file run17.cif (mmCIF, C-alpha atoms)
data_protein
#
loop_
_atom_site.label_atom_id
_atom_site.label_comp_id
_atom_site.auth_asym_id
_atom_site.auth_seq_id
_atom_site.Cartn_x
_atom_site.Cartn_y
_atom_site.Cartn_z
CA MET A 25 123.55 95.78 101.60
CA TYR A 26 120.63 93.42 101.66
CA GLY A 27 119.13 91.45 104.53
CA GLY A 28 121.91 92.47 106.90
CA GLN A 29 124.72 91.42 104.58
CA VAL A 30 127.06 93.38 102.33
CA LYS A 31 126.15 92.04 98.90
CA GLU A 32 128.55 94.11 96.84
CA ALA A 33 131.31 96.61 97.54
CA GLY A 34 133.65 98.54 95.29
CA GLU A 35 134.49 101.89 93.76
CA THR A 36 131.48 104.02 92.91
CA GLU A 37 132.18 104.10 89.20
CA ALA A 38 132.79 100.36 88.97
CA ILE A 39 129.56 99.59 90.80
CA PHE A 40 127.50 101.76 88.48
CA ALA A 41 129.31 100.80 85.27
CA SER A 42 129.36 97.04 85.86
CA PRO A 43 127.34 95.91 88.85
CA ALA A 44 128.36 92.38 89.84
CA HIS A 45 125.36 91.51 92.00
CA PRO A 46 121.79 91.08 90.68
CA TYR A 47 120.44 93.24 93.52
CA THR A 48 122.75 96.13 92.64
CA ALA A 49 121.86 95.80 88.96
CA GLY A 50 118.16 95.72 89.82
CA LEU A 51 118.42 98.79 92.03
CA ILE A 52 120.17 100.82 89.34
CA ARG A 53 117.58 99.74 86.75
CA ALA A 54 114.71 100.63 89.12
CA VAL A 55 115.75 104.28 89.46
CA PRO A 56 113.26 106.18 87.29
CA ARG A 57 115.03 108.28 84.68
CA LEU A 58 114.02 111.35 82.74
CA ASP A 59 115.99 110.25 79.70
CA GLU A 60 114.21 106.90 79.27
CA ASP A 61 110.72 105.96 78.16
CA HIS A 62 109.08 102.87 79.61
CA GLU A 63 105.49 101.77 79.32
CA VAL A 64 106.09 99.68 82.46
CA LEU A 65 108.90 100.77 84.78
CA PRO A 66 111.56 98.15 85.55
CA THR A 67 111.22 96.94 89.15
CA ILE A 68 112.58 94.36 91.55
CA ASP A 69 109.64 92.02 92.20
CA GLY A 70 108.66 91.14 95.74
CA GLU A 71 109.10 92.93 99.04
CA PRO A 72 112.14 93.90 101.12
CA PRO A 73 113.24 91.01 103.37
CA ASN A 74 111.54 90.19 106.64
CA MET A 75 114.47 90.20 109.04
CA LEU A 76 112.64 87.83 111.40
CA GLY A 77 112.40 85.13 108.78
CA LEU A 78 115.41 85.31 106.49
CA PRO A 79 115.83 82.30 104.20
CA PRO A 80 118.81 80.03 105.03
CA GLY A 81 120.54 80.86 101.76
CA CYS A 82 121.02 84.22 100.05
CA PRO A 83 118.57 86.75 101.56
CA PHE A 84 117.94 88.14 98.07
CA SER A 85 117.14 84.74 96.53
CA PRO A 86 113.29 85.07 96.83
CA ARG A 87 113.42 88.18 94.59
CA CYS A 88 116.32 87.22 92.35
CA GLY A 89 115.77 86.31 88.71
CA LEU A 90 119.00 84.29 88.65
CA ALA A 91 118.43 82.29 91.85
CA THR A 92 119.07 78.54 91.75
CA GLU A 93 118.53 75.79 94.34
CA ARG A 94 121.99 76.45 95.66
CA CYS A 95 121.14 80.10 96.35
CA VAL A 96 118.13 79.06 98.41
CA ALA A 97 120.10 76.54 100.49
CA GLU A 98 123.53 78.08 100.87
CA ARG A 99 124.53 81.63 101.81
CA PRO A 100 127.17 83.06 99.44
CA VAL A 101 130.29 84.60 100.97
CA ARG A 102 131.73 87.84 99.61
CA GLU A 103 134.59 87.23 97.18
CA SER A 104 136.73 89.49 95.05
CA VAL A 105 135.68 90.01 91.41
CA GLY A 106 138.27 92.63 90.53
CA ARG A 107 140.44 95.29 92.07
CA GLY A 108 138.70 96.54 95.18
CA HIS A 109 135.42 95.06 93.93
CA SER A 110 133.72 92.19 95.74
CA ARG A 111 130.31 90.52 95.80
CA ALA A 112 128.40 87.76 97.56
CA CYS A 113 126.67 85.84 94.76
CA PHE A 114 126.83 82.44 93.05
CA ALA A 115 125.58 83.58 89.63
CA ALA A 116 128.05 83.80 86.76
CA LEU A 117 129.36 87.36 86.33
CA GLU A 118 128.26 87.47 82.66
CA GLU A 119 124.68 86.74 83.68
CA VAL A 120 124.47 89.81 85.90
CA ALA A 121 123.83 92.67 83.53
CA MET B 24 89.11 117.67 75.89
CA SER B 25 85.31 117.39 76.12
CA GLN B 26 83.52 118.33 79.35
CA PRO B 27 86.23 118.25 82.02
CA LEU B 28 85.63 116.16 85.12
CA LEU B 29 87.26 118.72 87.35
CA LYS B 30 87.83 122.40 86.81
CA VAL B 31 89.81 124.45 89.28
CA GLU B 32 89.35 128.16 88.68
CA HIS B 33 91.47 130.86 90.32
CA VAL B 34 91.65 128.92 93.57
CA GLU B 35 93.34 130.58 96.50
CA VAL B 36 94.03 129.02 99.88
CA ALA B 37 95.06 131.57 102.49
CA PHE B 38 95.88 130.90 106.10
CA SER B 39 95.99 133.54 108.75
CA VAL B 40 99.16 133.41 110.80
CA PRO B 41 99.45 135.38 114.03
CA LYS B 42 102.66 137.35 114.42
CA PRO B 43 104.95 135.84 117.02
CA ASN B 44 104.77 137.68 120.39
CA ALA B 45 102.18 140.04 118.97
CA LEU B 46 99.49 141.75 120.98
CA PRO B 47 96.17 139.89 120.65
CA TRP B 48 94.44 142.73 118.81
CA SER B 49 97.12 143.20 116.17
CA LYS B 50 96.16 142.01 112.72
CA PRO B 51 97.45 138.52 111.79
CA ARG B 52 99.45 138.09 108.62
CA THR B 53 98.16 136.00 105.76
CA LEU B 54 100.02 133.18 104.11
CA ARG B 55 98.82 132.30 100.65
CA GLY B 56 99.68 128.61 100.26
CA VAL B 57 97.93 128.52 96.91
CA ALA B 58 97.77 131.93 95.28
CA ASP B 59 95.79 131.70 92.05
CA VAL B 60 95.62 128.31 90.41
CA SER B 61 93.45 127.23 87.49
CA LEU B 62 93.54 123.81 85.92
CA GLU B 63 91.39 121.19 84.24
CA LEU B 64 91.26 117.44 84.38
CA GLY B 65 89.47 115.21 81.88
CA ALA B 66 88.00 111.76 82.53
CA GLY B 67 90.66 109.05 82.52
CA GLU B 68 93.44 111.60 82.47
CA THR B 69 96.46 111.85 84.78
CA LEU B 70 97.72 115.27 85.77
CA GLY B 71 101.13 115.39 87.42
CA ILE B 72 101.87 118.28 89.77
CA VAL B 73 105.52 118.94 90.54
CA GLY B 74 107.38 121.54 92.54
CA GLU B 75 109.63 121.96 95.55
CA SER B 76 108.48 121.42 99.11
CA GLY B 77 106.40 124.42 100.04
CA SER B 78 105.20 125.13 96.51
CA GLY B 79 101.58 124.45 97.50
CA LYS B 80 101.08 121.10 95.76
CA SER B 81 99.54 119.32 98.74
CA THR B 82 97.52 122.34 99.81
CA LEU B 83 96.01 122.48 96.33
CA ALA B 84 95.12 118.77 96.56
CA ARG B 85 93.51 119.31 99.95
CA ALA B 86 91.52 122.24 98.62
CA ILE B 87 90.23 120.03 95.78
CA ILE B 88 89.19 117.25 98.14
CA GLY B 89 87.80 119.80 100.61
CA THR B 90 89.84 119.14 103.74
CA VAL B 91 91.26 122.66 103.55
CA PRO B 92 88.80 125.41 102.57
CA ALA B 93 89.64 127.39 99.47
CA THR B 94 89.40 131.09 100.32
CA ALA B 95 88.66 132.20 96.77
CA GLY B 96 87.90 130.70 93.39
CA GLN B 97 85.88 127.72 92.30
CA VAL B 98 86.34 123.96 92.34
CA ILE B 99 83.90 122.67 89.73
CA TRP B 100 83.25 118.93 89.81
CA GLN B 101 81.18 117.66 86.86
CA GLY B 102 79.56 121.07 86.51
CA ASP B 103 78.84 121.71 90.22
CA ASP B 104 80.76 124.27 92.26
CA LEU B 105 81.85 122.25 95.29
CA LEU B 106 82.50 125.30 97.41
CA ALA B 107 78.92 126.53 96.97
CA LEU B 108 77.25 123.17 97.71
CA SER B 109 75.55 122.34 101.00
CA PRO B 110 77.53 120.00 103.31
CA ALA B 111 75.09 117.15 102.58
CA ALA B 112 75.48 117.54 98.84
CA ARG B 113 79.25 117.71 99.23
CA ARG B 114 79.25 114.43 101.09
CA ALA B 115 77.74 112.71 98.07
CA HIS B 116 80.61 114.02 95.98
CA ARG B 117 83.23 112.79 98.43
CA LYS B 118 82.76 109.19 97.29
CA ASP B 119 83.95 110.17 93.86
CA VAL B 120 87.24 111.65 94.99
CA GLN B 121 89.65 109.59 97.08
CA MET B 122 93.21 110.14 98.16
CA ILE B 123 96.38 108.23 98.99
CA PHE B 124 99.17 109.68 101.10
CA GLN B 125 102.92 109.94 101.38
CA ASP B 126 103.51 108.05 104.63
CA PRO B 127 101.66 104.82 104.00
CA LEU B 128 101.91 103.46 107.56
CA ALA B 129 100.85 106.72 109.22
CA ALA B 130 97.78 106.82 106.96
CA LEU B 131 96.48 103.52 108.38
CA ASN B 132 94.81 103.11 111.77
CA PRO B 133 97.18 100.86 113.76
CA ARG B 134 94.33 99.32 115.77
CA MET B 135 92.27 98.21 112.79
CA THR B 136 92.89 95.09 110.74
CA VAL B 137 93.67 95.45 107.06
CA GLY B 138 90.20 94.14 106.23
CA GLU B 139 88.53 96.76 108.44
CA ILE B 140 90.70 99.54 107.01
CA ILE B 141 89.90 98.70 103.40
CA ALA B 142 86.18 98.21 104.15
CA GLU B 143 85.77 101.40 106.18
CA PRO B 144 84.85 103.80 103.34
CA LEU B 145 82.29 101.30 102.06
CA THR B 146 80.68 100.70 105.46
CA THR B 147 80.65 104.47 106.14
CA HIS B 148 78.92 105.43 102.91
CA HIS B 149 76.74 102.31 102.65
CA PRO B 150 76.09 101.18 106.25
CA ASP B 151 73.44 98.67 105.15
CA LYS B 152 75.67 96.70 102.76
CA PRO B 153 75.53 92.98 103.64
CA LYS B 154 78.68 91.84 105.44
CA ALA B 155 79.32 89.02 103.00
CA GLU B 156 79.33 91.47 100.10
CA VAL B 157 81.74 93.78 101.92
CA ARG B 158 84.08 90.86 102.62
CA GLU B 159 83.97 89.82 99.00
CA ARG B 160 84.73 93.35 97.75
CA VAL B 161 87.65 93.61 100.18
CA ALA B 162 89.11 90.27 99.08
CA ASP B 163 88.70 91.18 95.40
CA LEU B 164 90.49 94.47 95.84
CA MET B 165 93.26 92.99 97.95
CA SER B 166 94.17 90.53 95.26
CA ARG B 167 93.82 93.25 92.62
CA VAL B 168 96.39 95.47 94.34
CA GLY B 169 98.77 92.55 94.94
CA LEU B 170 98.01 91.59 98.55
CA LEU B 171 97.19 88.03 99.57
CA PRO B 172 93.52 88.04 100.68
CA ASN B 173 94.38 85.68 103.56
CA LEU B 174 96.25 88.58 105.24
CA VAL B 175 92.92 90.30 105.85
CA ASN B 176 93.07 89.95 109.66
CA ARG B 177 96.62 91.26 110.05
CA TYR B 178 97.50 94.72 111.39
CA PRO B 179 99.32 97.47 109.45
CA HIS B 180 102.59 97.18 111.38
CA GLU B 181 103.02 93.64 110.04
CA PHE B 182 103.40 94.99 106.50
CA SER B 183 106.25 96.66 104.62
CA GLY B 184 105.96 100.23 103.32
CA GLY B 185 105.08 99.09 99.81
CA GLN B 186 102.39 96.76 101.10
CA CYS B 187 100.96 99.52 103.31
CA GLN B 188 100.70 101.74 100.25
CA ARG B 189 98.83 98.91 98.48
CA ILE B 190 96.42 98.79 101.44
CA GLY B 191 95.92 102.56 101.10
CA ILE B 192 95.25 102.15 97.39
CA ALA B 193 92.69 99.38 98.03
CA ARG B 194 90.94 101.57 100.61
CA ALA B 195 90.84 104.47 98.16
CA LEU B 196 89.39 102.33 95.37
CA ILE B 197 86.69 100.42 97.25
CA LEU B 198 84.11 103.16 96.59
CA ARG B 199 85.00 103.08 92.87
CA PRO B 200 85.94 106.77 92.78
CA LYS B 201 86.26 108.77 89.59
CA LEU B 202 89.29 110.73 90.76
CA LEU B 203 92.24 109.48 92.78
CA ILE B 204 94.54 112.10 94.28
CA CYS B 205 98.00 110.69 95.01
CA ASP B 206 100.00 112.96 97.30
CA GLU B 207 103.66 111.91 97.02
CA PRO B 208 102.62 108.24 97.03
CA VAL B 209 106.05 106.76 96.40
CA SER B 210 108.41 109.32 97.97
CA ALA B 211 108.75 107.33 101.20
CA LEU B 212 109.25 103.94 99.54
CA ASP B 213 112.36 101.92 98.77
CA VAL B 214 113.58 102.46 95.19
CA SER B 215 112.98 98.78 94.39
CA VAL B 216 109.34 99.14 95.43
CA GLN B 217 108.65 102.66 94.09
CA ALA B 218 108.37 101.50 90.52
CA GLN B 219 106.06 98.62 91.54
CA VAL B 220 103.58 101.09 93.02
CA VAL B 221 103.80 103.43 90.01
CA ASN B 222 103.17 100.49 87.67
CA LEU B 223 100.24 99.34 89.81
CA LEU B 224 98.65 102.81 89.79
CA LYS B 225 99.01 102.97 86.02
CA GLU B 226 97.34 99.56 85.58
CA LEU B 227 94.50 100.40 87.96
CA GLN B 228 93.93 103.69 86.22
CA ALA B 229 93.40 101.97 82.88
CA GLU B 230 91.28 99.22 84.42
CA PHE B 231 88.97 101.47 86.45
CA GLY B 232 88.98 104.41 84.01
CA LEU B 233 90.26 106.63 86.81
CA SER B 234 91.36 110.22 86.57
CA MET B 235 94.41 110.91 88.67
CA ILE B 236 96.21 113.85 90.16
CA PHE B 237 99.73 112.68 90.91
CA ILE B 238 101.74 114.97 93.17
CA ALA B 239 105.47 114.44 93.51
CA HIS B 240 108.71 116.30 93.66
CA ASP B 241 110.46 113.66 91.55
CA LEU B 242 110.04 114.68 87.91
CA SER B 243 111.12 111.34 86.50
CA VAL B 244 108.36 109.51 88.40
CA VAL B 245 105.78 112.10 87.33
CA LYS B 246 106.88 111.85 83.71
CA HIS B 247 106.18 108.11 83.62
CA ILE B 248 102.62 108.32 84.88
CA SER B 249 101.27 111.67 83.67
CA ASP B 250 99.47 112.73 80.52
CA ARG B 251 99.89 116.36 81.48
CA ILE B 252 102.14 118.10 83.97
CA ALA B 253 101.76 121.33 85.92
CA VAL B 254 104.83 122.87 87.56
CA MET B 255 104.13 124.85 90.73
CA TYR B 256 106.22 127.45 92.51
CA LEU B 257 105.18 129.41 95.59
CA GLY B 258 101.49 128.63 95.17
CA ARG B 259 101.32 129.39 91.46
CA ILE B 260 101.52 127.38 88.26
CA MET B 261 104.66 128.28 86.32
CA GLU B 262 104.24 125.98 83.35
CA THR B 263 101.76 123.41 82.13
CA GLY B 264 101.61 121.15 79.12
CA THR B 265 101.59 117.55 78.00
CA ALA B 266 104.21 115.45 79.79
CA ARG B 267 106.28 115.42 76.60
CA GLU B 268 106.11 119.19 76.14
CA VAL B 269 107.10 119.97 79.69
CA ILE B 270 109.92 117.42 79.94
CA GLU B 271 111.34 117.61 76.42
CA THR B 272 110.80 121.27 75.58
CA PRO B 273 110.58 123.08 78.92
CA ARG B 274 110.23 126.84 78.49
CA HIS B 275 109.94 128.39 81.92
CA PRO B 276 113.33 128.95 83.61
CA TYR B 277 112.05 127.26 86.76
CA THR B 278 111.01 124.11 84.88
CA ARG B 279 114.39 124.09 83.15
CA ALA B 280 116.17 124.34 86.48
CA LEU B 281 114.07 121.53 87.93
CA ILE B 282 114.82 119.26 84.99
CA GLY B 283 118.49 120.19 85.12
CA SER B 284 118.69 119.12 88.75
CA VAL B 285 117.33 115.58 88.27
CA PRO B 286 120.28 113.28 88.93
CA VAL B 287 121.26 110.52 86.50
CA PRO B 288 122.26 107.18 88.10
CA ASP B 289 125.61 107.16 86.34
CA PRO B 290 128.49 108.91 88.14
CA VAL B 291 130.53 109.47 84.97
CA ALA B 292 127.70 111.09 83.02
CA GLU B 293 126.67 113.01 86.12
CA ARG B 294 130.11 114.58 86.48
CA GLU B 295 130.19 115.72 82.85
CA ARG B 296 126.68 117.11 82.79
CA PRO B 297 126.40 120.88 83.20
CA HIS B 298 124.50 121.60 86.38
CA ARG B 299 122.21 124.55 86.46
CA ILE B 300 121.88 124.81 90.18
CA LEU B 301 118.99 126.83 91.46
CA GLU B 302 120.45 129.23 93.95
CA GLY B 303 118.79 130.36 97.15
CA GLU B 304 115.74 129.12 98.94
CA LEU B 305 112.05 129.27 98.24
CA PRO B 306 110.99 132.77 99.38
CA SER B 307 108.52 132.97 102.26
CA PRO B 308 104.92 132.74 101.00
CA MET B 309 104.14 135.25 103.75
CA ASN B 310 106.15 137.84 101.91
CA PRO B 311 106.35 136.81 98.23
CA PRO B 312 108.47 138.84 95.78
CA SER B 313 106.64 141.49 93.77
CA GLY B 314 105.91 140.76 90.13
CA CYS B 315 107.04 137.29 89.11
CA VAL B 316 107.51 135.23 92.29
CA PHE B 317 110.38 133.31 90.72
CA ARG B 318 112.45 136.37 89.87
CA THR B 319 114.62 136.23 93.01
CA ARG B 320 116.08 132.91 91.83
CA CYS B 321 115.68 133.27 88.08
CA PRO B 322 118.86 133.01 86.00
CA VAL B 323 117.42 135.22 83.23
CA VAL B 324 115.72 137.84 85.37
CA ARG B 325 115.16 141.37 83.99
CA ASP B 326 114.08 144.64 85.62
CA GLU B 327 110.54 144.30 84.24
CA CYS B 328 110.02 141.05 86.17
CA ALA B 329 109.56 142.94 89.44
CA LYS B 330 106.76 145.11 88.08
CA ALA B 331 103.84 142.83 87.24
CA GLU B 332 102.96 139.19 87.77
CA PRO B 333 103.23 137.57 84.31
CA GLY B 334 100.17 136.01 82.71
CA PHE B 335 100.22 132.79 80.71
CA ARG B 336 101.71 132.61 77.25
CA TYR B 337 100.87 129.69 74.96
CA ALA B 338 103.49 127.89 72.91
CA THR B 339 100.90 125.38 71.65
CA ASP B 340 97.23 124.82 72.47
CA THR B 341 98.25 122.78 75.48
CA HIS B 342 101.61 124.23 76.50
CA ALA B 343 101.50 127.40 78.61
CA MET B 344 104.08 129.20 80.73
CA ALA B 345 103.94 132.14 83.12
CA CYS B 346 106.96 133.92 81.69
CA PRO B 347 106.94 136.48 78.88
CA TYR B 348 110.58 135.80 77.99
CA ALA B 349 110.66 131.97 77.95
#
call {"tool": "encode", "arguments": {"input": "run17.cif", "output": "structure tokens"}}
result
Amino acid sequence: MYGGQVKEAGETEAIFASPAHPYTAGLIRAVPRLDEDHEVLPTIDGEPPNMLGLPPGCPFSPRCGLATERCVAERPVRESVGRGHSRACFAALEEVA
Amino acid sequence: MSQPLLKVEHVEVAFSVPKPNALPWSKPRTLRGVADVSLELGAGETLGIVGESGSGKSTLARAIIGTVPATAGQVIWQGDDLLALSPAARRAHRKDVQMIFQDPLAALNPRMTVGEIIAEPLTTHHPDKPKAEVRERVADLMSRVGLLPNLVNRYPHEFSGGQCQRIGIARALILRPKLLICDEPVSALDVSVQAQVVNLLKELQAEFGLSMIFIAHDLSVVKHISDRIAVMYLGRIMETGTAREVIETPRHPYTRALIGSVPVPDPVAERERPHRILEGELPSPMNPPSGCVFRTRCPVVRDECAKAEPGFRYATDTHAMACPYA
């Protein structure tokens, strides 16, 4: 969930193996791990959303590396991306790593 | 290491705890929050302290900064024993050691503006500093820690947890301390923001030449920021070494159990990984086990472990563990 909206839903393994939303992917990357070495830890830039002033489009768009003008203006609706796996995002699936 | 900045020698912090429903003249029991801890910190170095809740990490930090009196041992700061100094002389040292806390919002006065909060240490220690200079220092630091200087007149509740922690960091740095003690600074923050604060602390440390003591229960966070790590259990150090030594070649069974219990964010790998679960609870520090305090939960315990408290054994010059069998 992000900004009061379900951004991605699916089976646990599918979410971790191939996250379909940039926020999910960012969260998984941001978990510090013992088995990785980073000079600078991967983060999601910016701050959690201010619920009193959500942008008209996707609430994650101010922090999203893949955000376009459309994301700022229009709120994506959750759509299926596979069996039991859905997401609310305009970015191409291949772009979300 | 040349002359260490801070030397903690055989520090003990004991609290006296009255027995419940006891008669007023009966002797109170003692709780040793920190039993016998020695460590050293060099200039510009980061020491990570890890351990479960109740292991004495925060109490040790408070004994170093002086908010909780050490009941035995020495805290030597640049050659001076802090516990033997007069209160006035101690005050001069306080500027050099600053602290940031776990709950970033609770650590800020809700009725002061961000500007007042950050400036407070400066105006306390240097009451005659010109106001314009104070304002300039505050604005400089705010932008350095990633806060917009035009938010200077806002109140803490208007900020997110991560921003509040940045305010706490700015307040801690305004006196240009030599040592920054971070007590679980990211444990209360959102995962997406945790790493931002760790990265910021690392940058500031390099920029200001700070020494840091970084206390956390999350080993993976500690690993990323520390040069050396000390593992605490029930008020004692179980293992210490460089971050690499402790994480990659842990020797003490407690350190191994801690590392084994760090989850991996991958459900498939997590299911296949052997879990060495640490059984039982932390024993009461009021009534610690005889001999090695870890023996009641140790997977490789022997009869001898109950007899005497083990001393340190060295695997390398820097890597020591309080277990004769590790």
call {"tool": "atom_distance", "arguments": {"input": "run17.cif", "atom1": "atom CA of B:Glu332", "atom2": "atom CA of B:Ser49"}}
result
29.3 Å
call {"tool": "closest_residue", "arguments": {"input": "run17.cif", "among": "B:Thr69, B:Ser307, B:Asn44, B:Thr53", "to": "B:Leu29", "atoms": "all atoms listed in the file"}}
result
B:Thr69
call {"tool": "residues_around", "arguments": {"input": "run17.cif", "residues": "A:Glu93", "least_positions_apart": "3", "cutoff": "12 Å", "atoms": "only C-alpha atoms", "output": "PyMOL selection string"}}
result
chain A and resi 80-82+85-86+88+90+96-99+114-115
call {"tool": "closest_atom_pairs", "arguments": {"input": "run17.cif", "of": "chain B", "to": "chain A", "cutoff": "10 Å", "atoms": "all atoms listed in the file", "output": "Markdown table"}}
result
| residue | atom | partner | partner_atom | distance |
| --- | --- | --- | --- | --- |
| B:Glu181 | CA | A:Asn74 | CA | 9.8 |
| B:Phe182 | CA | A:Asn74 | CA | 9.5 |
| B:Ser183 | CA | A:Glu71 | CA | 7.3 |
| B:Gly184 | CA | A:Glu71 | CA | 9.0 |
| B:Gly185 | CA | A:Glu71 | CA | 7.4 |
| B:Gln186 | CA | A:Glu71 | CA | 8.0 |
| B:Asp213 | CA | A:Pro72 | CA | 8.4 |
| B:Val214 | CA | A:Val55 | CA | 6.4 |
| B:Ser215 | CA | A:Ile68 | CA | 5.3 |
| B:Val216 | CA | A:Thr67 | CA | 6.9 |
| B:Gln217 | CA | A:Thr67 | CA | 8.0 |
| B:Ala218 | CA | A:Thr67 | CA | 5.5 |
| B:Gln219 | CA | A:Thr67 | CA | 5.9 |
| B:Val220 | CA | A:Thr67 | CA | 9.5 |
| B:Val221 | CA | A:Leu65 | CA | 7.8 |
| B:Asn222 | CA | A:Val64 | CA | 6.0 |
| B:Leu223 | CA | A:Val64 | CA | 9.4 |
| B:Lys225 | CA | A:Val64 | CA | 8.6 |
| B:Glu226 | CA | A:Val64 | CA | 9.3 |
| B:Asp241 | CA | A:Pro56 | CA | 9.1 |
| B:Leu242 | CA | A:Leu58 | CA | 7.3 |
| B:Ser243 | CA | A:Leu58 | CA | 4.7 |
| B:Val244 | CA | A:Pro56 | CA | 6.0 |
| B:Val245 | CA | A:Leu58 | CA | 9.5 |
| B:Lys246 | CA | A:Leu58 | CA | 7.2 |
| B:His247 | CA | A:His62 | CA | 7.2 |
| B:Ile248 | CA | A:Glu63 | CA | 9.1 |
| B:Ile270 | CA | A:Leu58 | CA | 7.8 |
| B:Glu271 | CA | A:Leu58 | CA | 9.3 |
| B:Ile282 | CA | A:Leu58 | CA | 8.3 |
| B:Val285 | CA | A:Leu58 | CA | 7.7 |
| B:Pro286 | CA | A:Arg57 | CA | 8.4 |
| B:Val287 | CA | A:Arg57 | CA | 6.9 |
| B:Pro288 | CA | A:Ile52 | CA | 6.8 |
| B:Asp289 | CA | A:Phe40 | CA | 6.1 |
| B:Pro290 | CA | A:Glu37 | CA | 6.2 |
| B:Val291 | CA | A:Glu37 | CA | 7.0 |
call {"tool": "atom_distance", "arguments": {"input": "run17.cif", "atom1": "atom CA of B:Ala229", "atom2": "atom CA of B:Leu70"}}
result
14.3 Å
call {"tool": "residues_around", "arguments": {"input": "run17.cif", "residues": "stretch 117-119 of chain B", "least_positions_apart": "3", "cutoff": "10 Å", "atoms": "all atoms listed in the file", "output": "PyMOL selection string"}}
result
chain B and resi 88-89+100+112-114+144-145+148+195-203
call {"tool": "atom_distance", "arguments": {"input": "run17.cif", "atom1": "atom CA of A:Pro100", "atom2": "atom CA of A:Cys113"}}
result
5.5 Å
call {"tool": "residues_around", "arguments": {"input": "run17.cif", "residues": "A:Ser110", "least_positions_apart": "5", "cutoff": "6 Å", "atoms": "only C-alpha atoms", "output": "PyMOL selection string"}}
result
chain A and resi 32-33+103-105
call {"tool": "resolve_selection", "arguments": {"input": "run17.cif", "expression": "the PyMOL selection byres ((chain B and resi 173) around 12)", "output": "PyMOL selection string"}}
result
chain B and resi 136-138+158+161-163+165-166+169-172+174-177
call {"tool": "decode", "arguments": {"input": "run17.cif", "residues": "stretch 52-81 of chain A", "atoms": "C-alpha atoms", "output": "PDB file, in the first residue's frame"}}
result
ATOM      1  CA  ILE A  52      12.746  -4.790  -1.310  1.00  0.00           C
ATOM      2  CA  ARG A  53      15.992  -3.152  -2.451  1.00  0.00           C
ATOM      3  CA  ALA A  54      16.005  -0.848   0.600  1.00  0.00           C
ATOM      4  CA  VAL A  55      16.028  -3.717   3.119  1.00  0.00           C
ATOM      5  CA  PRO A  56      19.613  -3.830   4.396  1.00  0.00           C
ATOM      6  CA  ARG A  57      21.148  -7.259   3.901  1.00  0.00           C
ATOM      7  CA  LEU A  58      23.987  -9.073   5.589  1.00  0.00           C
ATOM      8  CA  ASP A  59      24.961 -10.831   2.373  1.00  0.00           C
ATOM      9  CA  GLU A  60      25.506  -7.653   0.343  1.00  0.00           C
ATOM     10  CA  ASP A  61      28.158  -4.945   0.436  1.00  0.00           C
ATOM     11  CA  HIS A  62      27.218  -1.397  -0.468  1.00  0.00           C
ATOM     12  CA  GLU A  63      29.252   1.749  -0.027  1.00  0.00           C
ATOM     13  CA  VAL A  64      25.946   3.655  -0.181  1.00  0.00           C
ATOM     14  CA  LEU A  65      22.776   1.756   0.736  1.00  0.00           C
ATOM     15  CA  PRO A  66      20.011   1.725  -1.882  1.00  0.00           C
ATOM     16  CA  THR A  67      17.096   3.922  -0.768  1.00  0.00           C
ATOM     17  CA  ILE A  68      13.819   5.337  -1.991  1.00  0.00           C
ATOM     18  CA  ASP A  69      14.434   9.087  -2.235  1.00  0.00           C
ATOM     19  CA  GLY A  70      12.022  11.520  -0.648  1.00  0.00           C
ATOM     20  CA  GLU A  71       9.626  11.223   2.256  1.00  0.00           C
ATOM     21  CA  PRO A  72       6.484   9.152   2.871  1.00  0.00           C
ATOM     22  CA  PRO A  73       3.393  10.895   1.443  1.00  0.00           C
ATOM     23  CA  ASN A  74       1.616  13.712   3.230  1.00  0.00           C
ATOM     24  CA  MET A  75      -1.940  12.422   3.327  1.00  0.00           C
ATOM     25  CA  LEU A  76      -3.310  15.978   3.514  1.00  0.00           C
ATOM     26  CA  GLY A  77      -1.775  16.923   0.201  1.00  0.00           C
ATOM     27  CA  LEU A  78      -1.674  13.886  -2.063  1.00  0.00           C
ATOM     28  CA  PRO A  79      -0.856  14.655  -5.697  1.00  0.00           C
ATOM     29  CA  PRO A  80      -3.764  14.200  -8.153  1.00  0.00           C
ATOM     30  CA  GLY A  81      -2.006  11.351  -9.939  1.00  0.00           C
TER      31      GLY A  81
END
